[in-house]
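Asker: Contents of upload_8.csv (CSV, C-alpha atoms and all ligand atoms):
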chain,number,residue,atom,x,y,z
A,204,MET,CA,-20.3,-32.0,24.3
A,205,VAL,CA,-21.7,-32.4,20.8
A,206,ALA,CA,-23.8,-29.2,21.4
A,207,ALA,CA,-20.6,-27.3,22.4
A,208,MET,CA,-18.9,-28.5,19.2
A,209,VAL,CA,-21.8,-27.4,17.1
A,210,VAL,CA,-21.7,-24.0,18.8
A,211,ALA,CA,-18.0,-23.7,18.3
A,212,GLN,CA,-18.4,-24.7,14.6
A,213,ARG,CA,-21.1,-22.1,14.1
A,214,GLN,CA,-18.9,-19.4,15.7
A,215,ARG,CA,-16.0,-20.3,13.4
A,216,GLU,CA,-18.4,-20.2,10.4
A,217,ARG,CA,-19.6,-16.8,11.5
A,218,LEU,CA,-16.1,-15.5,12.0
A,219,ARG,CA,-15.2,-16.8,8.5
A,220,GLN,CA,-18.1,-15.0,7.0
A,221,GLN,CA,-17.3,-11.7,8.8
A,222,GLN,CA,-13.7,-12.0,7.5
A,223,ALA,CA,-14.9,-12.7,4.0
A,224,VAL,CA,-17.1,-9.5,4.2
A,225,LEU,CA,-14.1,-7.4,5.4
A,226,VAL,CA,-11.8,-8.7,2.7
A,227,ALA,CA,-14.5,-8.1,0.0
A,228,ARG,CA,-15.0,-4.6,1.3
A,229,ALA,CA,-11.2,-3.9,1.2
A,230,HIS,CA,-11.1,-5.1,-2.4
A,231,GLU,CA,-14.1,-3.0,-3.2
A,232,GLU,CA,-12.5,0.1,-1.7
A,233,GLU,CA,-9.2,-0.6,-3.6
A,234,ARG,CA,-11.1,-0.8,-6.9
A,235,ALA,CA,-13.0,2.4,-6.1
A,236,TRP,CA,-9.7,4.1,-5.4
A,237,VAL,CA,-8.2,3.0,-8.7
A,238,ALA,CA,-11.4,4.0,-10.6
A,239,GLY,CA,-11.4,7.4,-9.0
A,240,GLU,CA,-7.7,8.0,-9.6
A,241,LEU,CA,-8.0,6.9,-13.3
A,242,HIS,CA,-11.1,9.0,-13.8
A,243,ASP,CA,-10.4,12.2,-11.9
A,244,ASP,CA,-6.6,12.4,-12.4
A,245,VAL,CA,-5.3,10.4,-15.3
A,246,LEU,CA,-8.2,10.9,-17.7
A,247,GLN,CA,-8.5,14.6,-16.9
A,248,ARG,CA,-4.9,15.1,-17.6
A,249,ILE,CA,-5.0,13.2,-20.9
A,250,ALA,CA,-7.9,15.3,-21.9
A,251,LEU,CA,-5.9,18.5,-21.2
A,252,VAL,CA,-2.8,17.3,-23.1
A,253,ARG,CA,-5.0,16.4,-26.0
A,254,ALA,CA,-6.7,19.8,-26.0
A,255,GLU,CA,-3.3,21.4,-25.9
A,256,LEU,CA,-2.0,19.3,-28.8
A,257,GLU,CA,-5.1,20.0,-30.9
A,258,SER,CA,-4.7,23.6,-30.4
A,259,LEU,CA,-1.0,23.4,-31.3
A,260,TRP,CA,-2.0,21.5,-34.4
A,261,GLY,CA,-4.5,24.2,-35.3
A,262,ASP,CA,-1.9,26.9,-34.8
A,263,ARG,CA,0.6,25.1,-37.0
A,264,SER,CA,-1.8,24.8,-39.9
A,265,ALA,CA,-2.9,28.4,-39.6
A,266,PRO,CA,0.3,30.5,-39.6
A,267,ASP,CA,-1.7,33.7,-39.0
A,268,ALA,CA,-2.7,32.5,-35.6
A,269,ALA,CA,1.0,32.7,-34.5
A,270,ASP,CA,0.8,36.5,-34.9
A,271,THR,CA,-2.3,36.9,-32.8
A,272,ALA,CA,-0.5,37.6,-29.6
A,273,ALA,CA,-0.2,34.0,-28.4
A,274,PRO,CA,0.9,34.3,-24.8
A,275,LEU,CA,3.3,31.4,-25.0
A,276,SER,CA,5.8,30.4,-27.7
A,277,LEU,CA,5.3,27.1,-29.5
A,278,ASP,CA,8.5,25.8,-27.7
A,279,ALA,CA,7.2,26.6,-24.3
A,280,ARG,CA,3.8,25.0,-25.0
A,281,LEU,CA,5.5,21.8,-26.4
A,282,GLN,CA,7.7,21.7,-23.3
A,283,GLY,CA,4.5,22.0,-21.2
A,284,VAL,CA,2.9,19.1,-23.0
A,285,ASN,CA,6.0,17.0,-22.5
A,286,THR,CA,6.2,17.9,-18.8
A,287,GLU,CA,2.6,16.9,-18.4
A,288,LEU,CA,3.2,13.6,-20.1
A,289,VAL,CA,6.2,12.9,-17.8
A,290,ASP,CA,4.1,13.7,-14.7
A,291,LEU,CA,1.3,11.5,-16.1
A,292,ALA,CA,3.7,8.6,-16.5
A,293,VAL,CA,4.7,8.9,-12.9
A,294,ALA,CA,1.0,9.0,-11.8
A,295,VAL,CA,0.2,5.9,-13.9
A,296,ARG,CA,3.2,4.1,-12.6
A,297,ALA,CA,2.2,4.7,-9.0
A,298,ILE,CA,-1.2,3.3,-9.7
A,299,ALA,CA,0.2,0.3,-11.5
A,300,THR,CA,2.7,-0.4,-8.7
A,301,ARG,CA,-0.1,-0.2,-6.1
A,302,MET,CA,-2.3,-2.5,-8.2
A,303,HIS,CA,0.3,-5.0,-9.1
A,304,PRO,CA,-0.3,-8.1,-7.1
A,305,THR,CA,2.6,-10.0,-8.4
A,306,VAL,CA,5.8,-8.1,-7.5
A,307,VAL,CA,6.2,-10.9,-4.9
A,308,ASP,CA,5.2,-13.6,-7.4
A,309,GLN,CA,7.9,-12.4,-9.9
A,310,VAL,CA,10.9,-11.8,-7.7
A,311,GLY,CA,10.1,-13.6,-4.4
A,312,LEU,CA,9.4,-12.2,-0.9
A,313,LEU,CA,12.9,-11.0,0.1
A,314,PRO,CA,13.7,-9.0,-3.0
A,315,ALA,CA,10.2,-7.6,-3.0
A,316,LEU,CA,10.7,-6.4,0.6
A,317,GLN,CA,14.1,-4.9,-0.3
A,318,SER,CA,12.5,-3.0,-3.1
A,319,LEU,CA,9.7,-1.8,-0.8
A,320,LYS,CA,12.3,-0.6,1.7
A,321,GLY,CA,13.9,1.5,-1.1
A,322,GLU,CA,10.6,2.9,-2.2
A,323,VAL,CA,9.6,3.9,1.3
A,324,GLU,CA,12.9,5.5,2.1
A,325,ARG,CA,13.0,7.5,-1.1
A,326,GLY,CA,9.3,8.5,-0.8
A,327,SER,CA,9.3,9.5,2.9
A,328,GLY,CA,12.7,9.9,4.3
A,329,LEU,CA,12.0,7.3,7.0
A,330,ALA,CA,15.1,5.1,7.7
A,331,VAL,CA,14.0,1.5,7.2
A,332,THR,CA,16.2,-1.4,8.4
A,333,LEU,CA,15.4,-4.7,6.9
A,334,GLU,CA,16.7,-7.6,8.9
A,335,ILE,CA,16.5,-11.1,7.5
A,336,ARG,CA,17.0,-14.2,9.6
A,337,GLY,CA,16.8,-17.9,8.8
A,338,GLY,CA,17.6,-19.7,5.6
A,339,GLU,CA,14.2,-20.6,4.0
A,340,PRO,CA,14.1,-18.4,1.0
A,341,THR,CA,10.7,-19.1,-0.5
A,342,PRO,CA,7.5,-19.4,1.6
A,343,PRO,CA,4.4,-20.5,-0.4
A,344,LEU,CA,3.0,-17.9,-2.7
A,345,GLU,CA,-0.1,-17.1,-0.7
A,346,THR,CA,2.0,-16.6,2.5
A,347,ALA,CA,4.6,-14.5,0.7
A,348,ARG,CA,1.9,-12.2,-0.8
A,349,ALA,CA,0.2,-11.8,2.6
A,350,ALA,CA,3.6,-11.1,4.2
A,351,TYR,CA,4.4,-8.4,1.6
A,352,ARG,CA,1.0,-6.7,1.9
A,353,ILE,CA,1.2,-6.7,5.7
A,354,VAL,CA,4.7,-5.1,5.7
A,355,GLN,CA,3.4,-2.6,3.1
A,356,GLU,CA,0.4,-1.5,5.2
A,357,ALA,CA,2.4,-1.4,8.4
A,358,LEU,CA,5.0,0.9,6.8
A,359,ARG,CA,2.3,3.0,5.2
A,360,ASN,CA,0.9,3.5,8.7
A,361,VAL,CA,4.3,4.4,10.1
A,362,ILE,CA,4.7,7.1,7.4
A,363,ARG,CA,1.2,8.4,7.8
A,364,HIS,CA,0.7,8.3,11.6
A,365,ALA,CA,3.8,7.6,13.6
A,366,GLN,CA,6.0,10.7,13.1
A,367,ALA,CA,8.9,8.2,13.4
A,368,THR,CA,12.4,8.6,12.2
A,369,ALA,CA,13.2,4.9,11.9
A,370,ALA,CA,11.5,1.6,11.4
A,371,THR,CA,12.8,-1.9,11.5
A,372,VAL,CA,11.4,-4.8,9.6
A,373,THR,CA,12.5,-8.2,10.8
A,374,VAL,CA,11.7,-11.2,8.7
A,375,GLU,CA,12.5,-14.7,10.1
A,376,LEU,CA,12.0,-17.5,7.7
A,377,ASN,CA,12.1,-21.1,8.7
A,378,ALA,CA,10.5,-24.4,7.7
A,379,ARG,CA,7.5,-23.8,10.0
A,380,HIS,CA,6.7,-20.2,9.7
A,381,VAL,CA,7.4,-16.6,8.5
A,382,HIS,CA,7.7,-14.3,11.5
A,383,LEU,CA,7.4,-10.6,10.8
A,384,VAL,CA,8.1,-7.8,13.2
A,385,ILE,CA,7.6,-4.2,12.1
A,386,GLN,CA,8.6,-1.7,14.7
A,387,ASP,CA,8.8,2.0,14.7
A,388,ASN,CA,10.2,4.6,17.1
A,389,GLY,CA,7.2,7.0,16.6
A,390,ARG,CA,4.6,8.4,18.9
A,391,GLY,CA,2.6,5.2,19.3
A,392,PHE,CA,-1.2,5.1,20.1
A,393,GLU,CA,-3.5,3.4,22.5
A,394,ALA,CA,-3.9,0.2,20.6
A,395,SER,CA,-6.4,-1.3,23.2
A,396,LEU,CA,-8.8,1.6,22.7
A,397,LEU,CA,-8.6,1.6,18.9
A,398,LYS,CA,-11.9,2.2,17.2
A,399,SER,CA,-10.7,3.2,13.8
A,400,GLN,CA,-12.5,4.1,10.7
A,401,GLY,CA,-9.4,2.9,8.9
A,402,LEU,CA,-9.3,-0.5,7.2
A,403,GLY,CA,-5.5,-0.9,7.3
A,404,LEU,CA,-5.0,-2.7,10.6
A,405,ALA,CA,-8.2,-4.7,10.1
A,406,SER,CA,-7.2,-6.0,6.7
A,407,LEU,CA,-3.6,-6.6,7.9
A,408,ARG,CA,-5.1,-9.0,10.5
A,409,GLU,CA,-7.4,-10.5,7.9
A,410,ARG,CA,-4.5,-11.2,5.7
A,411,ALA,CA,-2.7,-13.1,8.5
A,412,ILE,CA,-5.9,-15.0,9.4
A,413,MET,CA,-6.6,-15.9,5.8
A,414,VAL,CA,-3.3,-17.8,5.6
A,415,GLY,CA,-3.8,-19.5,9.0
A,416,GLY,CA,-1.6,-17.0,11.0
A,417,ARG,CA,-2.1,-14.2,13.4
A,418,ALA,CA,-1.1,-10.5,13.8
A,419,GLU,CA,-0.7,-8.6,17.0
A,420,VAL,CA,-0.5,-4.8,17.3
A,421,LYS,CA,1.4,-3.5,20.3
A,422,SER,CA,1.5,0.2,21.0
A,423,ARG,CA,1.4,2.8,23.7
A,424,PRO,CA,1.4,6.6,23.3
A,425,GLY,CA,5.0,7.7,23.3
A,426,ALA,CA,6.4,4.2,23.0
A,427,GLY,CA,6.4,3.4,19.3
A,428,THR,CA,4.4,0.7,17.6
A,429,THR,CA,5.3,-3.0,17.0
A,430,ILE,CA,3.4,-5.3,14.7
A,431,ASP,CA,4.1,-8.9,15.3
A,432,VAL,CA,2.9,-11.4,12.7
A,433,VAL,CA,3.3,-15.2,12.5
A,434,LEU,CA,2.3,-16.9,9.3
A,435,PRO,CA,2.6,-20.7,9.1
A,436,VAL,CA,4.1,-22.2,6.0
A,501,LIG,N1,2.7,3.0,13.4
A,501,LIG,C1,1.7,3.8,13.9
A,501,LIG,N2,2.0,4.8,14.7
A,501,LIG,C2,1.1,5.6,15.3
A,501,LIG,N3,-0.3,5.4,15.1
A,501,LIG,C3,-0.7,4.4,14.3
A,501,LIG,C4,0.3,3.5,13.7
A,501,LIG,N4,-0.4,2.6,13.0
A,501,LIG,C5,-1.7,2.9,13.1
A,501,LIG,N5,-1.9,3.9,13.9
A,501,LIG,C6,-3.1,4.5,14.4
A,501,LIG,O1,-4.1,3.5,14.2
A,501,LIG,C7,-5.2,3.9,13.4
A,501,LIG,C8,-5.7,2.8,12.5
A,501,LIG,O2,-4.8,2.4,11.5
A,501,LIG,P1,-5.4,1.8,10.2
A,501,LIG,O3,-4.3,1.4,9.3
A,501,LIG,O4,-6.4,0.7,10.6
A,501,LIG,O5,-6.3,3.0,9.6
A,501,LIG,P2,-5.8,4.3,8.8
A,501,LIG,O6,-4.3,4.2,8.5
A,501,LIG,O7,-6.2,5.4,9.6
A,501,LIG,O8,-6.6,4.2,7.4
A,501,LIG,P3,-6.4,3.2,6.2
A,501,LIG,O9,-5.3,2.3,6.5
A,501,LIG,O10,-7.7,2.5,6.0
A,501,LIG,O11,-6.0,4.1,5.0
A,501,LIG,C9,-4.5,5.1,12.6
A,501,LIG,O12,-5.5,6.0,12.2
A,501,LIG,C10,-3.6,5.7,13.6
A,501,LIG,O13,-4.3,6.5,14.5
A,502,MG,MG,-3.5,2.4,7.5
Could you write out this file's structure as structure tokens?
Ligand SMILES: Nc1ncnc2c1ncn2[C@@H]1O[C@H](COP(=O)(O)OP(=O)(O)OP(=O)(O)O)[C@@H](O)[C@H]1O
Ligand SMILES: [Mg+2]

Answerer:
Amino acid sequence: MVAAMVVAQRQRERLRQQQAVLVARAHEEERAWVAGELHDDVLQRIALVRAELESLWGDRSAPDAADTAAPLSLDARLQGVNTELVDLAVAVRAIATRMHPTVVDQVGLLPALQSLKGEVERGSGLAVTLEIRGGEPTPPLETARAAYRIVQEALRNVIRHAQATAATVTVELNARHVHLVIQDNGRGFEASLLKSQGLGLASLRERAIMVGGRAEVKSRPGAGTTIDVVLPV
């Protein structure tokens, strides 16, 4: 009896360690992505804009240079610099949005999900229905964050893999739990055979387990995908 409890305790401990490793790895990958994006995209583009500005500055203080068959007018080049800065702002905003952990902290779970729905619809053309049930507006912060990230990853997968035309996100909030169902009408996959290189579904499950809940992925080829998550509050 005692031996069985010790074994169960060790198993739980091992599971917790494995989870911690997975979560740490997901964080590491996220940081690597941000560093890569900042270095390879944002910094390169800033360097290009600076080089262009420096050359414009040089041309301005050396009037002769304007005559030496410059291929583009000053106006066109300034416009180019401006366009590049506008694009750059969009790229940086996308990184900041992805990094920001506190959209949920600031506005609460339901408004954050409303805004996510809008972003997904604008960005992908997928029709997202957000259905809210129950009257408990504010789950604890950790639960709300987990719920938001779970819906975010589930919808990201719908966009990337499902070839779906529509997705429904149902959120039921009551005094005991947050119940999330994310369902799409896409091509589905063999969930029971899944041996994925991807981290998305694994970290989705981890997030649920970390706050004491569970996540279930139900899918069959041709029958869409449903992700069912219960997080206790
Ligand atoms: N909604 C969905 N519709 C169809 N297939 C899906 C869906 N969600 C997941 N899958 C399948 O399950 C696999 C695993 O998903 P997972 O999120 O774990 O990894 P990923 O999306 O491939 O990579 P990552 O999330 O790490 O960027 C996907 O590669 C895809 O084949
Ligand atoms: Mg994924």

Asker: Do you know which residues are at most 6 Å from Ile335 in chain A counting only C-alpha atoms, after dropping those on the same chain fewer than 6 positions away, and could you put them as a PyMOL selection string?

Answerer: chain A and resi 373-375

Asker: Find, counting only C-alpha atoms, the residue in A:Asn388, A:Val245, A:Leu319, A:Gln214 that gets nearest to Arg296 in chain A.

Answerer: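 Using only C-alpha atoms, Arg296 in chain A sits closest to A:Val245.
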
Asker: I'd like the neighbourhood of range 216-226 of chain A as a ChimeraX atom specification, where a residue qualifies if any of its atoms comes within 12 Å (using only C-alpha atoms), though same-chain residues fewer than 4 positions away should be ignored.

Answerer: /A:209-212,230-233,401-413,415

Asker: Could you tell me how far atom C4 of ligand LIG 501 (chain A) sits from CA of Thr429 in chain A, in Å to one decimal place?

Answerer: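 Spanning CA of Thr429 in chain A to atom C4 of ligand LIG 501 (chain A) is a straight-line distance of 8.8 Å.
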
Asker: May I have the residues within 9 Å of Leu316 in chain A as a list in words, using all atoms listed in the file and disregarding those fewer than 3 positions away in the same chain?

Answerer: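 Here the qualifying residues turn out to be Val307, Gly311, Leu312, Leu313, Leu319, Lys320, Gly321, Leu333, Tyr351, Val354 and Gln355 of chain A.
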
Asker: Take the residues from that selection and write them out as a PDB file, in the frame of the given file, keeping C-alpha atoms.

Answerer:
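Saved result, result-v4.pdb, follows:
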ATOM      1  CA  VAL A 307       6.200 -10.900  -4.900  1.00  0.00           C
ATOM      2  CA  GLY A 311      10.100 -13.600  -4.400  1.00  0.00           C
ATOM      3  CA  LEU A 312       9.400 -12.200  -0.900  1.00  0.00           C
ATOM      4  CA  LEU A 313      12.900 -11.000   0.100  1.00  0.00           C
ATOM      5  CA  LEU A 319       9.700  -1.800  -0.800  1.00  0.00           C
ATOM      6  CA  LYS A 320      12.300  -0.600   1.700  1.00  0.00           C
ATOM      7  CA  GLY A 321      13.900   1.500  -1.100  1.00  0.00           C
ATOM      8  CA  LEU A 333      15.400  -4.700   6.900  1.00  0.00           C
ATOM      9  CA  TYR A 351       4.400  -8.400   1.600  1.00  0.00           C
ATOM     10  CA  VAL A 354       4.700  -5.100   5.700  1.00  0.00           C
ATOM     11  CA  GLN A 355       3.400  -2.600   3.100  1.00  0.00           C
TER      12      GLN A 355
END

Asker: Give me the residues within 9 Å of range 356-371 of chain A as a list in words, counting all atoms listed in the file and dropping any in the same chain fewer than 6 places off.

Answerer: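 Counting only the stated atoms, we get Val323, Ser327, Gly328, Leu329, Ala330, Val331, Thr332, Leu333, Glu334, Val384, Ile385, Gln386, Asp387, Asn388, Gly389, Arg390, Gly391, Phe392, Gly403, Leu404, Ser406, Leu407, Gly427, Thr428 and Ile430 of chain A.
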
Asker: One decimal, Å: what's the distance from CA of Leu396 in chain A over to CA of Arg213 in chain A, could you say?

Answerer: 28.1 Å

Asker: For ligand LIG 501 (chain A), which residue among A:Ala315, A:Val284, A:Ile353, A:Leu275 is the nearest when counting all atoms listed in the file?

Answerer: A:Ile353

Asker: For CA of Val252 in chain A and CA of Leu288 in chain A, determine how far apart the two atoms are, in Å to one decimal place.

Answerer: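 Interatomic distance, CA of Val252 in chain A to CA of Leu288 in chain A: 7.7 Å.
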
Asker: Which residue gives the smallest distance to ligand LIG 501 (chain A) among A:Thr341, A:Gln282, A:Arg228, A:Arg215, with only C-alpha atoms and all ligand atoms counted?

Answerer: A:Arg228

Asker: Because the input lacks atoms here, generate N, CA and C atoms for range 311-340 of chain A and report them as an mmCIF file, in the frame of the given file.

Answerer:
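Saved result, result_17.cif, follows:
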data_model
loop_
_atom_site.group_PDB
_atom_site.id
_atom_site.type_symbol
_atom_site.label_atom_id
_atom_site.label_comp_id
_atom_site.auth_asym_id
_atom_site.auth_seq_id
_atom_site.Cartn_x
_atom_site.Cartn_y
_atom_site.Cartn_z
ATOM 1 N N GLY A 311 9.991 -12.900 -5.699
ATOM 2 C CA GLY A 311 10.100 -13.600 -4.400
ATOM 3 C C GLY A 311 10.007 -12.546 -3.259
ATOM 4 N N LEU A 312 9.729 -13.053 -2.053
ATOM 5 C CA LEU A 312 9.400 -12.200 -0.900
ATOM 6 C C LEU A 312 10.570 -11.244 -0.546
ATOM 7 N N LEU A 313 11.775 -11.802 -0.403
ATOM 8 C CA LEU A 313 12.900 -11.000 0.100
ATOM 9 C C LEU A 313 13.249 -9.838 -0.813
ATOM 10 N N PRO A 314 13.448 -10.128 -2.119
ATOM 11 C CA PRO A 314 13.700 -9.000 -3.000
ATOM 12 C C PRO A 314 12.578 -8.003 -3.079
ATOM 13 N N ALA A 315 11.340 -8.494 -2.994
ATOM 14 C CA ALA A 315 10.200 -7.600 -3.000
ATOM 15 C C ALA A 315 10.252 -6.646 -1.791
ATOM 16 N N LEU A 316 10.629 -7.199 -0.648
ATOM 17 C CA LEU A 316 10.700 -6.400 0.600
ATOM 18 C C LEU A 316 11.888 -5.389 0.471
ATOM 19 N N GLN A 317 13.001 -5.845 -0.118
ATOM 20 C CA GLN A 317 14.100 -4.900 -0.300
ATOM 21 C C GLN A 317 13.691 -3.728 -1.152
ATOM 22 N N SER A 318 12.926 -4.033 -2.203
ATOM 23 C CA SER A 318 12.500 -3.000 -3.100
ATOM 24 C C SER A 318 11.497 -2.046 -2.409
ATOM 25 N N LEU A 319 10.621 -2.631 -1.581
ATOM 26 C CA LEU A 319 9.700 -1.800 -0.800
ATOM 27 C C LEU A 319 10.414 -0.883 0.145
ATOM 28 N N LYS A 320 11.430 -1.412 0.790
ATOM 29 C CA LYS A 320 12.300 -0.600 1.700
ATOM 30 C C LYS A 320 12.810 0.632 0.950
ATOM 31 N N GLY A 321 13.346 0.382 -0.253
ATOM 32 C CA GLY A 321 13.900 1.500 -1.100
ATOM 33 C C GLY A 321 12.843 2.512 -1.403
ATOM 34 N N GLU A 322 11.666 2.006 -1.835
ATOM 35 C CA GLU A 322 10.600 2.900 -2.200
ATOM 36 C C GLU A 322 10.170 3.782 -1.010
ATOM 37 N N VAL A 323 10.018 3.140 0.151
ATOM 38 C CA VAL A 323 9.600 3.900 1.300
ATOM 39 C C VAL A 323 10.618 4.921 1.719
ATOM 40 N N GLU A 324 11.891 4.531 1.684
ATOM 41 C CA GLU A 324 12.900 5.500 2.100
ATOM 42 C C GLU A 324 12.994 6.660 1.140
ATOM 43 N N ARG A 325 12.913 6.371 -0.154
ATOM 44 C CA ARG A 325 13.000 7.500 -1.100
ATOM 45 C C ARG A 325 11.738 8.368 -1.006
ATOM 46 N N GLY A 326 10.573 7.728 -0.778
ATOM 47 C CA GLY A 326 9.300 8.500 -0.800
ATOM 48 C C GLY A 326 9.070 9.276 0.486
ATOM 49 N N SER A 327 9.658 8.847 1.607
ATOM 50 C CA SER A 327 9.300 9.500 2.900
ATOM 51 C C SER A 327 10.401 9.961 3.728
ATOM 52 N N GLY A 328 11.618 9.502 3.466
ATOM 53 C CA GLY A 328 12.700 9.900 4.300
ATOM 54 C C GLY A 328 12.853 9.079 5.584
ATOM 55 N N LEU A 329 11.885 8.179 5.816
ATOM 56 C CA LEU A 329 12.000 7.300 7.000
ATOM 57 C C LEU A 329 13.143 6.304 6.736
ATOM 58 N N ALA A 330 13.968 6.091 7.792
ATOM 59 C CA ALA A 330 15.100 5.100 7.700
ATOM 60 C C ALA A 330 14.502 3.734 7.981
ATOM 61 N N VAL A 331 14.588 2.812 7.030
ATOM 62 C CA VAL A 331 14.000 1.500 7.200
ATOM 63 C C VAL A 331 15.181 0.455 7.275
ATOM 64 N N THR A 332 15.259 -0.291 8.366
ATOM 65 C CA THR A 332 16.200 -1.400 8.400
ATOM 66 C C THR A 332 15.503 -2.679 8.164
ATOM 67 N N LEU A 333 16.029 -3.442 7.221
ATOM 68 C CA LEU A 333 15.400 -4.700 6.900
ATOM 69 C C LEU A 333 16.353 -5.824 7.382
ATOM 70 N N GLU A 334 15.880 -6.612 8.357
ATOM 71 C CA GLU A 334 16.700 -7.600 8.900
ATOM 72 C C GLU A 334 16.176 -8.998 8.558
ATOM 73 N N ILE A 335 16.975 -9.800 7.880
ATOM 74 C CA ILE A 335 16.500 -11.100 7.500
ATOM 75 C C ILE A 335 17.188 -12.190 8.298
ATOM 76 N N ARG A 336 16.382 -13.085 8.845
ATOM 77 C CA ARG A 336 17.000 -14.200 9.600
ATOM 78 C C ARG A 336 16.440 -15.515 9.073
ATOM 79 N N GLY A 337 17.232 -16.554 9.199
ATOM 80 C CA GLY A 337 16.800 -17.900 8.800
ATOM 81 C C GLY A 337 17.066 -18.121 7.334
ATOM 82 N N GLY A 338 17.053 -19.378 6.964
ATOM 83 C CA GLY A 338 17.600 -19.700 5.600
ATOM 84 C C GLY A 338 16.543 -20.259 4.657
ATOM 85 N N GLU A 339 15.241 -20.094 4.945
ATOM 86 C CA GLU A 339 14.200 -20.600 4.000
ATOM 87 C C GLU A 339 13.832 -19.513 3.069
ATOM 88 N N PRO A 340 14.297 -19.529 1.832
ATOM 89 C CA PRO A 340 14.100 -18.400 1.000
ATOM 90 C C PRO A 340 12.684 -18.202 0.429
#
